[in-house]
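Source file target-v6.cif; content: mmCIF, C-alpha atoms.
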```
data_my_file
#
loop_
_atom_site.label_atom_id
_atom_site.label_comp_id
_atom_site.auth_asym_id
_atom_site.auth_seq_id
_atom_site.Cartn_x
_atom_site.Cartn_y
_atom_site.Cartn_z
CA MET A 1 -21.35 47.22 -19.77
CA ILE A 2 -24.51 48.27 -21.62
CA ALA A 3 -25.70 51.84 -21.18
CA ILE A 4 -28.15 54.18 -22.89
CA GLN A 5 -26.47 57.20 -24.43
CA PHE A 6 -27.23 60.09 -26.78
CA ASP A 7 -24.66 62.03 -28.79
CA ARG A 8 -26.99 64.72 -30.18
CA PHE A 9 -30.07 66.50 -28.90
CA GLY A 10 -33.53 65.50 -30.05
CA GLY A 11 -36.46 63.31 -29.16
CA PRO A 12 -36.46 59.71 -27.91
CA GLU A 13 -35.03 58.58 -31.25
CA VAL A 14 -31.54 59.83 -30.26
CA LEU A 15 -31.30 57.31 -27.39
CA ALA A 16 -29.13 54.31 -28.24
CA ALA A 17 -27.80 51.27 -26.39
CA VAL A 18 -23.99 51.28 -26.39
CA ASP A 19 -21.20 49.25 -24.87
CA VAL A 20 -19.05 51.46 -22.61
CA PRO A 21 -16.45 50.85 -19.87
CA ALA A 22 -17.87 50.38 -16.39
CA PRO A 23 -17.52 53.49 -14.20
CA ARG A 24 -14.83 53.59 -11.54
CA PRO A 25 -15.78 54.96 -8.13
CA GLY A 26 -13.66 57.78 -6.77
CA PRO A 27 -13.06 58.77 -3.15
CA ASP A 28 -16.22 58.55 -1.05
CA GLU A 29 -18.07 56.89 -3.95
CA VAL A 30 -19.60 53.43 -4.33
CA LEU A 31 -20.12 51.23 -7.39
CA ILE A 32 -23.67 49.92 -7.74
CA THR A 33 -24.87 47.05 -9.87
CA VAL A 34 -28.18 48.40 -11.10
CA GLU A 35 -31.39 46.46 -10.46
CA ALA A 36 -33.63 49.22 -11.84
CA ALA A 37 -33.21 52.81 -13.01
CA GLY A 38 -35.89 55.45 -12.70
CA VAL A 39 -37.15 57.47 -15.67
CA ASN A 40 -38.21 61.08 -15.07
CA TYR A 41 -39.56 63.94 -17.18
CA ALA A 42 -36.31 65.74 -16.43
CA ASP A 43 -34.51 63.06 -18.44
CA THR A 44 -36.50 64.02 -21.53
CA HIS A 45 -35.38 67.61 -21.08
CA GLN A 46 -31.76 66.46 -20.95
CA VAL A 47 -32.29 64.56 -24.19
CA ASP A 48 -33.85 67.52 -26.02
CA GLY A 49 -31.16 69.94 -24.84
CA SER A 50 -33.22 71.90 -22.33
CA TYR A 51 -30.90 71.01 -19.43
CA LEU A 52 -27.55 70.28 -21.07
CA ALA A 53 -24.96 72.04 -23.22
CA ALA A 54 -23.53 70.52 -26.39
CA ASP A 55 -20.07 70.20 -24.83
CA GLN A 56 -21.49 67.63 -22.36
CA LEU A 57 -22.24 65.15 -25.15
CA PRO A 58 -22.21 62.17 -25.43
CA TYR A 59 -24.30 61.71 -22.30
CA ILE A 60 -25.84 58.84 -20.30
CA PRO A 61 -29.03 60.07 -18.58
CA GLY A 62 -30.57 58.76 -15.37
CA SER A 63 -30.59 60.28 -11.88
CA GLU A 64 -31.72 57.42 -9.63
CA VAL A 65 -31.22 53.69 -9.24
CA VAL A 66 -31.93 50.75 -7.00
CA GLY A 67 -29.14 48.20 -6.85
CA ARG A 68 -26.48 46.37 -4.90
CA THR A 69 -23.20 47.72 -3.63
CA GLU A 70 -20.08 45.60 -3.90
CA ASP A 71 -20.48 44.56 -0.25
CA GLY A 72 -24.03 43.32 -0.93
CA ARG A 73 -26.18 46.11 0.47
CA ARG A 74 -29.41 46.89 -1.40
CA VAL A 75 -29.65 50.63 -1.83
CA LEU A 76 -31.69 53.43 -3.32
CA ALA A 77 -29.37 56.11 -4.65
CA ARG A 78 -29.20 59.43 -6.41
CA VAL A 79 -26.70 59.15 -9.25
CA SER A 80 -25.60 60.60 -12.54
CA HIS A 81 -25.69 58.34 -15.63
CA GLY A 82 -28.11 55.79 -14.18
CA TYR A 83 -29.36 54.30 -17.47
CA ALA A 84 -26.71 51.60 -17.30
CA GLU A 85 -25.87 48.18 -15.88
CA GLN A 86 -23.61 49.83 -13.30
CA ALA A 87 -23.50 53.31 -11.80
CA VAL A 88 -21.51 55.27 -9.25
CA ALA A 89 -23.00 57.15 -6.29
CA LYS A 90 -21.64 59.19 -3.44
CA ARG A 91 -21.79 57.39 -0.11
CA SER A 92 -23.87 60.27 1.25
CA ALA A 93 -26.47 59.65 -1.51
CA LEU A 94 -27.18 56.04 -0.50
CA VAL A 95 -30.29 54.93 1.37
CA GLU A 96 -30.39 51.28 2.41
CA ILE A 97 -33.72 49.60 1.65
CA PRO A 98 -35.12 46.18 2.59
CA ASP A 99 -35.06 43.28 0.16
CA ASP A 100 -38.86 43.01 0.15
CA LEU A 101 -39.43 46.60 -1.03
CA ASP A 102 -40.28 46.66 -4.73
CA ALA A 103 -37.61 48.51 -6.72
CA GLY A 104 -40.22 50.54 -8.60
CA ALA A 105 -41.92 51.59 -5.37
CA ALA A 106 -38.59 52.67 -3.90
CA LEU A 107 -37.71 54.68 -7.01
CA ALA A 108 -41.13 56.31 -6.96
CA LEU A 109 -40.43 57.70 -3.51
CA LEU A 110 -37.04 59.24 -4.31
CA VAL A 111 -38.00 61.89 -6.88
CA GLN A 112 -41.77 61.71 -7.31
CA GLY A 113 -42.45 61.01 -3.63
CA LEU A 114 -40.22 63.79 -2.36
CA THR A 115 -41.70 66.12 -4.97
CA ALA A 116 -45.26 65.35 -3.87
CA TRP A 117 -44.31 65.70 -0.19
CA HIS A 118 -42.69 69.11 -0.70
CA LEU A 119 -45.41 70.35 -3.06
CA LEU A 120 -47.95 69.90 -0.29
CA ARG A 121 -45.85 70.66 2.79
CA THR A 122 -43.26 73.20 1.60
CA ALA A 123 -44.74 74.94 -1.45
CA ALA A 124 -48.51 74.87 -0.85
CA ARG A 125 -48.30 74.74 2.96
CA LEU A 126 -51.46 72.68 3.02
CA ARG A 127 -53.78 73.27 5.95
CA SER A 128 -56.25 70.80 7.40
CA GLY A 129 -59.62 70.76 5.67
CA GLU A 130 -58.51 72.50 2.46
CA THR A 131 -59.56 71.39 -1.02
CA VAL A 132 -56.68 70.15 -3.19
CA VAL A 133 -56.73 69.62 -6.97
CA VAL A 134 -54.04 67.40 -8.47
CA HIS A 135 -53.39 67.67 -12.22
CA SER A 136 -51.94 64.57 -13.95
CA ALA A 137 -53.27 62.59 -11.01
CA ALA A 138 -52.31 59.20 -12.48
CA GLY A 139 -48.69 60.19 -13.07
CA GLY A 140 -45.68 59.55 -10.88
CA VAL A 141 -46.01 62.68 -8.76
CA GLY A 142 -49.77 63.03 -9.06
CA SER A 143 -50.61 59.50 -7.93
CA LEU A 144 -48.60 60.06 -4.75
CA ALA A 145 -49.87 63.61 -4.23
CA VAL A 146 -53.49 62.37 -4.26
CA GLN A 147 -52.67 59.94 -1.46
CA LEU A 148 -50.48 62.32 0.54
CA ALA A 149 -53.03 65.13 0.37
CA ARG A 150 -55.48 62.83 2.10
CA GLU A 151 -52.80 61.70 4.58
CA PHE A 152 -51.91 65.32 5.38
CA GLY A 153 -55.47 66.33 6.21
CA ALA A 154 -57.04 67.73 3.04
CA GLY A 155 -60.81 68.07 3.28
CA ARG A 156 -61.36 67.12 -0.36
CA VAL A 157 -59.02 65.80 -3.01
CA TRP A 158 -60.01 66.31 -6.63
CA ALA A 159 -58.11 64.75 -9.52
CA GLN A 160 -57.61 65.85 -13.11
CA THR A 161 -56.68 63.11 -15.61
CA SER A 162 -56.36 62.60 -19.36
CA SER A 163 -58.20 59.30 -19.94
CA PRO A 164 -60.98 57.08 -18.51
CA GLY A 165 -58.48 54.48 -17.27
CA LYS A 166 -56.48 57.09 -15.43
CA ARG A 167 -59.73 58.52 -14.05
CA GLN A 168 -60.52 55.23 -12.35
CA LEU A 169 -56.97 54.93 -11.00
CA ALA A 170 -57.22 58.37 -9.37
CA LEU A 171 -60.49 57.39 -7.71
CA ASP A 172 -58.99 54.10 -6.53
CA LEU A 173 -56.12 56.06 -4.96
CA GLY A 174 -58.54 58.07 -2.86
CA ALA A 175 -59.58 61.08 -4.92
CA ASP A 176 -63.11 62.24 -4.07
CA ALA A 177 -63.86 63.09 -7.69
CA VAL A 178 -62.28 63.60 -11.08
CA VAL A 179 -62.91 67.15 -12.29
CA ASP A 180 -62.24 69.54 -15.13
CA HIS A 181 -61.90 73.30 -15.08
CA PRO A 182 -63.93 75.31 -14.26
CA LEU A 183 -64.24 73.42 -10.97
CA PRO A 184 -67.53 72.70 -9.19
CA GLU A 185 -66.21 74.94 -6.41
CA ARG A 186 -63.05 76.97 -6.05
CA ALA A 187 -60.00 75.17 -4.64
CA ASP A 188 -57.46 76.15 -2.00
CA VAL A 189 -54.51 74.32 -3.57
CA ILE A 190 -53.90 73.25 -7.18
CA LEU A 191 -50.79 71.29 -8.17
CA ASP A 192 -49.88 71.72 -11.84
CA ALA A 193 -47.08 70.13 -13.86
CA VAL A 194 -48.76 70.65 -17.25
CA GLY A 195 -48.66 74.39 -17.83
CA GLY A 196 -50.09 76.13 -20.87
CA GLU A 197 -53.87 76.41 -21.14
CA LEU A 198 -54.48 74.16 -18.13
CA PHE A 199 -52.40 76.46 -15.90
CA ASP A 200 -54.41 79.47 -17.04
CA ARG A 201 -57.74 77.77 -16.39
CA ALA A 202 -56.54 76.54 -13.01
CA LEU A 203 -55.58 80.03 -11.92
CA ASP A 204 -59.18 81.18 -12.35
CA SER A 205 -60.31 78.22 -10.23
CA LEU A 206 -58.52 79.31 -7.04
CA ALA A 207 -60.39 80.31 -3.92
CA SER A 208 -59.47 83.48 -2.07
CA GLY A 209 -56.10 82.82 -0.45
CA GLY A 210 -55.54 79.87 -2.77
CA ARG A 211 -52.17 78.67 -4.05
CA LEU A 212 -51.44 77.35 -7.54
CA VAL A 213 -48.15 75.46 -7.39
CA THR A 214 -46.42 75.06 -10.76
CA TYR A 215 -43.68 72.44 -10.99
CA GLY A 216 -43.41 71.52 -14.66
CA ASN A 217 -44.44 72.18 -18.24
CA SER A 218 -45.30 68.82 -19.78
CA ALA A 219 -47.48 70.60 -22.36
CA ARG A 220 -44.25 72.16 -23.66
CA THR A 221 -46.16 75.23 -24.82
CA GLY A 222 -44.16 77.84 -22.94
CA PHE A 223 -45.08 79.35 -19.61
CA THR A 224 -48.12 81.61 -19.30
CA PRO A 225 -47.32 85.18 -18.19
CA VAL A 226 -48.96 86.01 -14.86
CA ASP A 227 -50.35 89.52 -14.38
CA PRO A 228 -49.85 90.70 -10.76
CA ALA A 229 -53.10 92.64 -11.01
CA ARG A 230 -54.89 89.39 -11.83
CA LEU A 231 -53.44 87.79 -8.70
CA SER A 232 -54.60 90.76 -6.67
CA ARG A 233 -58.14 90.44 -8.01
CA LEU A 234 -58.13 86.72 -7.22
CA ASN A 235 -56.44 87.29 -3.84
CA ALA A 236 -54.36 84.23 -4.70
CA ALA A 237 -50.76 83.15 -5.26
CA VAL A 238 -48.71 81.30 -7.85
CA VAL A 239 -45.83 79.34 -6.29
CA GLY A 240 -42.99 77.94 -8.36
CA PHE A 241 -41.34 74.73 -7.21
CA TRP A 242 -38.14 72.90 -8.17
CA LEU A 243 -37.04 69.84 -6.20
CA ARG A 244 -33.26 70.14 -6.61
CA PRO A 245 -32.67 73.36 -4.61
CA THR A 246 -35.34 72.33 -2.14
CA LEU A 247 -33.41 69.17 -1.23
CA ALA A 248 -30.33 71.28 -0.42
CA ARG A 249 -32.11 72.72 2.60
CA PRO A 250 -31.45 71.17 6.03
CA GLY A 251 -33.96 68.45 6.83
CA ALA A 252 -35.46 68.41 3.33
CA PHE A 253 -34.24 64.99 2.20
CA ALA A 254 -33.70 62.30 4.82
CA GLU A 255 -36.64 63.11 7.10
CA PRO A 256 -39.34 63.31 4.39
CA LEU A 257 -37.96 60.22 2.66
CA ARG A 258 -38.03 58.34 5.94
CA GLU A 259 -41.68 59.33 6.40
CA LEU A 260 -42.52 58.18 2.86
CA LEU A 261 -40.78 54.83 3.38
CA ASP A 262 -42.62 54.36 6.68
CA LEU A 263 -46.02 55.19 5.14
CA THR A 264 -45.29 52.70 2.35
CA ALA A 265 -44.20 49.98 4.78
CA ARG A 266 -47.46 50.45 6.72
CA GLY A 267 -49.56 50.30 3.56
CA ARG A 268 -50.84 53.87 3.91
CA LEU A 269 -49.01 54.96 0.76
CA LYS A 270 -49.08 52.79 -2.35
CA PRO A 271 -46.72 53.93 -5.11
CA VAL A 272 -48.07 53.22 -8.58
CA VAL A 273 -45.49 51.54 -10.80
CA HIS A 274 -45.77 51.18 -14.57
CA PRO A 275 -44.64 47.82 -16.01
CA ALA A 276 -40.87 48.00 -16.36
CA TYR A 277 -39.11 48.48 -19.70
CA PRO A 278 -35.90 46.63 -20.56
CA LEU A 279 -32.93 48.98 -20.40
CA THR A 280 -32.41 48.63 -24.15
CA GLU A 281 -35.96 49.95 -24.72
CA ALA A 282 -35.33 53.33 -23.10
CA ARG A 283 -36.43 55.01 -26.32
CA ARG A 284 -39.88 53.40 -26.05
CA ALA A 285 -40.10 54.38 -22.38
CA HIS A 286 -39.48 58.03 -23.28
CA GLU A 287 -41.97 57.87 -26.15
CA ASP A 288 -44.68 56.48 -23.88
CA LEU A 289 -43.91 58.96 -21.10
CA LEU A 290 -44.12 61.94 -23.45
CA ALA A 291 -47.34 60.62 -25.02
CA ARG A 292 -48.88 60.16 -21.54
CA ARG A 293 -49.32 56.44 -22.08
CA THR A 294 -47.77 55.61 -18.70
CA THR A 295 -49.16 55.61 -15.17
CA GLY A 296 -47.13 56.06 -12.02
CA LYS A 297 -43.40 55.43 -11.87
CA VAL A 298 -41.54 54.50 -15.06
CA LEU A 299 -38.41 52.40 -14.78
CA LEU A 300 -35.82 50.50 -16.78
CA ARG A 301 -34.41 47.09 -15.84
CA PRO A 302 -31.02 45.95 -17.18
#
```
This entry written out as structure tokens:
Amino acid sequence: MIAIQFDRFGGPEVLAAVDVPAPRPGPDEVLITVEAAGVNYADTHQVDGSYLAADQLPYIPGSEVVGRTEDGRRVLARVSHGYAEQAVAKRSALVEIPDDLDAGAALALLVQGLTAWHLLRTAARLRSGETVVVHSAAGGVGSLAVQLAREFGAGRVWAQTSSPGKRQLALDLGADAVVDHPLPERADVILDAVGGELFDRALDSLASGGRLVTYGNSARTGFTPVDPARLSRLNAAVVGFWLRPTLARPGAFAEPLRELLDLTARGRLKPVVHPAYPLTEARRAHEDLLARRTTGKVLLRP
């Protein structure tokens, strides 16, 4: 089968299409013929060596797929090595999905959707009527967070974007306005996956009792030190968030995902999906993702 693999750390240029043996499922595992594989920022960190050790090379990235099991079920699944024509998943990691659900929309809900849900519910503990600012509001997580903030009772939802086209998308998704820092008024909740200078400016934009939730560092500039005395003066909090340990908690996976699927089925949540890349063009997908040329969920199709 064809898979995307890298045998050294680096940028997107290290990704290569290779012919490898199909995986064999072990006990309590299922073989999936991949319809589409999701692309996440975490994958780029695997490629550059941030998440992996050299003794794990060569490596096939990819943590999520939509596909068919050998008995014909269409499933959404968490996997390892998903950038391939076939992948293996644990039976416990399978979620059956209807045939009429777009593969990109389903993939958007698994990582980005659950991230947005937990950012607002678990990390920020959003309360009705609060003002929410979403950085990277046209991205995979941000585009869903804008919609979910409204669904969960935010009083105002403000978006921060990097281009005029993305600005309009955020407004179309339900943002009240597109803003820059300093904000017109201080915000109760700010969701930041960028880091660097934007994180620092956002911190000074918090209202008393506000929460700045940091869940990434796409700026790749290193994390800004936070002075506890500064937090005291602001009477505010910085909350770190990582999806993986969050999903290990009881009730943190199936129930939120079920809610996201239901909201999507009823048309109240509309995942944004970037035009799919062929599997063999994974390098270009990573290049575009890192250069912020994509909107919404990025995926590969074998």
Determine, using all atoms listed in the file, which residues of range 152-231 of chain A have any atom at most 7 Å from an atom of range 116-134 of chain A, and tabulate each with its shortest atom pair and distance in Å to one decimal place, rows ordered by chain and then rising number, as JSON lines.
```
{"residue": "A:Gly153", "atom": "CA", "partner": "A:Ser128", "partner_atom": "CA", "distance": 4.7}
{"residue": "A:Ala154", "atom": "CA", "partner": "A:Gly129", "partner_atom": "CA", "distance": 4.8}
{"residue": "A:Gly155", "atom": "CA", "partner": "A:Gly129", "partner_atom": "CA", "distance": 3.8}
{"residue": "A:Arg156", "atom": "CA", "partner": "A:Thr131", "partner_atom": "CA", "distance": 4.7}
{"residue": "A:Val157", "atom": "CA", "partner": "A:Val132", "partner_atom": "CA", "distance": 4.9}
{"residue": "A:Trp158", "atom": "CA", "partner": "A:Val133", "partner_atom": "CA", "distance": 4.7}
{"residue": "A:Ala159", "atom": "CA", "partner": "A:Val134", "partner_atom": "CA", "distance": 5.0}
{"residue": "A:Gln160", "atom": "CA", "partner": "A:Val134", "partner_atom": "CA", "distance": 6.1}
{"residue": "A:Ala187", "atom": "CA", "partner": "A:Thr131", "partner_atom": "CA", "distance": 5.3}
{"residue": "A:Asp188", "atom": "CA", "partner": "A:Thr131", "partner_atom": "CA", "distance": 5.3}
{"residue": "A:Val189", "atom": "CA", "partner": "A:Val132", "partner_atom": "CA", "distance": 4.7}
{"residue": "A:Ile190", "atom": "CA", "partner": "A:Val133", "partner_atom": "CA", "distance": 4.6}
{"residue": "A:Leu191", "atom": "CA", "partner": "A:Val134", "partner_atom": "CA", "distance": 5.1}
{"residue": "A:Asp192", "atom": "CA", "partner": "A:Val134", "partner_atom": "CA", "distance": 6.9}
{"residue": "A:Arg211", "atom": "CA", "partner": "A:Ala124", "partner_atom": "CA", "distance": 6.2}
{"residue": "A:Val213", "atom": "CA", "partner": "A:Ala124", "partner_atom": "CA", "distance": 6.6}
```
Need the axis-aligned box for range 18-22 of chain A with 8 Å each side, so what are the centre and edges in Å to one decimal, as lines of an AutoDock Vina configuration file?
```
center_x = -20.2
center_y = 50.4
center_z = -21.4
size_x = 23.5
size_y = 18.2
size_z = 26.0
```
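The closest residue to Gly38 in chain A, picked from A:Ser80, A:Ser162, A:Gln5, A:Thr69 and counting only C-alpha atoms, is A:Ser80.
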Looking at only C-alpha atoms, which of A:Ala103, A:Val39, A:Val79, A:Ile32 is the one that sits closest to Leu289 in chain A? A:Val39
Pick from A:Thr161, A:Thr246, A:Gln112, A:Gln86 nearest to Ile60 in chain A, counting all atoms listed in the file: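 Comparing A:Thr161, A:Thr246, A:Gln112, A:Gln86 against Ile60 in chain A, the winner is A:Gln86.
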I need the residue set behind the PyMOL selection byres ((chain A and resi 260) around 12) for this file; please write it as a PDB file with C-alpha atoms, in the coordinates of the input.
```pdb
ATOM      1  CA  ALA A 105     -41.920  51.590  -5.370  1.00  0.00           C
ATOM      2  CA  ALA A 106     -38.590  52.670  -3.900  1.00  0.00           C
ATOM      3  CA  LEU A 107     -37.710  54.680  -7.010  1.00  0.00           C
ATOM      4  CA  ALA A 108     -41.130  56.310  -6.960  1.00  0.00           C
ATOM      5  CA  LEU A 109     -40.430  57.700  -3.510  1.00  0.00           C
ATOM      6  CA  LEU A 110     -37.040  59.240  -4.310  1.00  0.00           C
ATOM      7  CA  VAL A 111     -38.000  61.890  -6.880  1.00  0.00           C
ATOM      8  CA  GLN A 112     -41.770  61.710  -7.310  1.00  0.00           C
ATOM      9  CA  GLY A 113     -42.450  61.010  -3.630  1.00  0.00           C
ATOM     10  CA  LEU A 114     -40.220  63.790  -2.360  1.00  0.00           C
ATOM     11  CA  THR A 115     -41.700  66.120  -4.970  1.00  0.00           C
ATOM     12  CA  ALA A 116     -45.260  65.350  -3.870  1.00  0.00           C
ATOM     13  CA  TRP A 117     -44.310  65.700  -0.190  1.00  0.00           C
ATOM     14  CA  HIS A 118     -42.690  69.110  -0.700  1.00  0.00           C
ATOM     15  CA  LEU A 144     -48.600  60.060  -4.750  1.00  0.00           C
ATOM     16  CA  ALA A 145     -49.870  63.610  -4.230  1.00  0.00           C
ATOM     17  CA  GLN A 147     -52.670  59.940  -1.460  1.00  0.00           C
ATOM     18  CA  LEU A 148     -50.480  62.320   0.540  1.00  0.00           C
ATOM     19  CA  GLU A 151     -52.800  61.700   4.580  1.00  0.00           C
ATOM     20  CA  PHE A 253     -34.240  64.990   2.200  1.00  0.00           C
ATOM     21  CA  ALA A 254     -33.700  62.300   4.820  1.00  0.00           C
ATOM     22  CA  GLU A 255     -36.640  63.110   7.100  1.00  0.00           C
ATOM     23  CA  PRO A 256     -39.340  63.310   4.390  1.00  0.00           C
ATOM     24  CA  LEU A 257     -37.960  60.220   2.660  1.00  0.00           C
ATOM     25  CA  ARG A 258     -38.030  58.340   5.940  1.00  0.00           C
ATOM     26  CA  GLU A 259     -41.680  59.330   6.400  1.00  0.00           C
ATOM     27  CA  LEU A 261     -40.780  54.830   3.380  1.00  0.00           C
ATOM     28  CA  ASP A 262     -42.620  54.360   6.680  1.00  0.00           C
ATOM     29  CA  LEU A 263     -46.020  55.190   5.140  1.00  0.00           C
ATOM     30  CA  THR A 264     -45.290  52.700   2.350  1.00  0.00           C
ATOM     31  CA  ALA A 265     -44.200  49.980   4.780  1.00  0.00           C
ATOM     32  CA  ARG A 266     -47.460  50.450   6.720  1.00  0.00           C
ATOM     33  CA  GLY A 267     -49.560  50.300   3.560  1.00  0.00           C
ATOM     34  CA  ARG A 268     -50.840  53.870   3.910  1.00  0.00           C
ATOM     35  CA  LEU A 269     -49.010  54.960   0.760  1.00  0.00           C
ATOM     36  CA  LYS A 270     -49.080  52.790  -2.350  1.00  0.00           C
ATOM     37  CA  PRO A 271     -46.720  53.930  -5.110  1.00  0.00           C
TER      38      PRO A 271
END
```
Spatial neighbours of Arg233 in chain A, 12 Å, only C-alpha atoms, chain gap at least 6 places, as a list of chain:residue names: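 With the cut-off at 12 Å, the set is A:Leu203, A:Asp204, A:Leu206, A:Ala207, A:Ser208, A:Gly209, A:Asp227.
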For Pro164 in chain A, the closest of A:Val179, A:Arg78, A:Asp71, A:Phe152 counting only C-alpha atoms is A:Val179
Applying the PyMOL selection byres ((chain A and resi 283) around 8) to the file I just gave you, which residues come out? Please list them as a PyMOL selection string. chain A and resi 12-16+280-282+284-287
Using the chain letters and numbering of this document, enumerate as a PyMOL selection string the residues selected by the PyMOL selection byres ((chain A and resi 29) around 6). chain A and resi 25-28+30+89-91
Which distance in Å separates CA of Pro278 in chain A and CA of Gly216 in chain A, to one decimal?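 According to the coordinates, CA of Pro278 in chain A and CA of Gly216 in chain A are separated by 26.7 Å.
Taking CA of Asp172 in chain A as the reference point, CA of Val65 in chain A is found at 27.9 Å.
Pairwise distance (CA of Ala17 in chain A, CA of Lys297 in chain A) equals 21.7 Å.
When all atoms listed in the file are used to compute distances to Asp180 in chain A, the closest of the residues A:Gly195, A:Ser136, A:Gly49, A:Glu96 turns out to be A:Ser136.
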Selection near Arg74 in chain A, 8 Å with only C-alpha atoms, sequence-local residues under 2 positions removed, as a JSON list (two decimals) with C-alpha atoms, keeping the file's coordinate frame:
```json
[["chain", "number", "residue", "atom", "x", "y", "z"],
["A", 66, "VAL", "CA", -31.93, 50.75, -7.00],
["A", 67, "GLY", "CA", -29.14, 48.20, -6.85],
["A", 68, "ARG", "CA", -26.48, 46.37, -4.90],
["A", 69, "THR", "CA", -23.20, 47.72, -3.63],
["A", 72, "GLY", "CA", -24.03, 43.32, -0.93],
["A", 76, "LEU", "CA", -31.69, 53.43, -3.32],
["A", 96, "GLU", "CA", -30.39, 51.28, 2.41],
["A", 97, "ILE", "CA", -33.72, 49.60, 1.65],
["A", 98, "PRO", "CA", -35.12, 46.18, 2.59],
["A", 99, "ASP", "CA", -35.06, 43.28, 0.16]]
```
Which residues come within 8 Å of Val298 in chain A, counting only C-alpha atoms, excluding same-chain residues fewer than 3 positions away, as JSON, numbers by chain? {"A": [38, 39, 40, 104, 140, 273, 274, 275, 276, 277, 285, 289, 294, 295]}
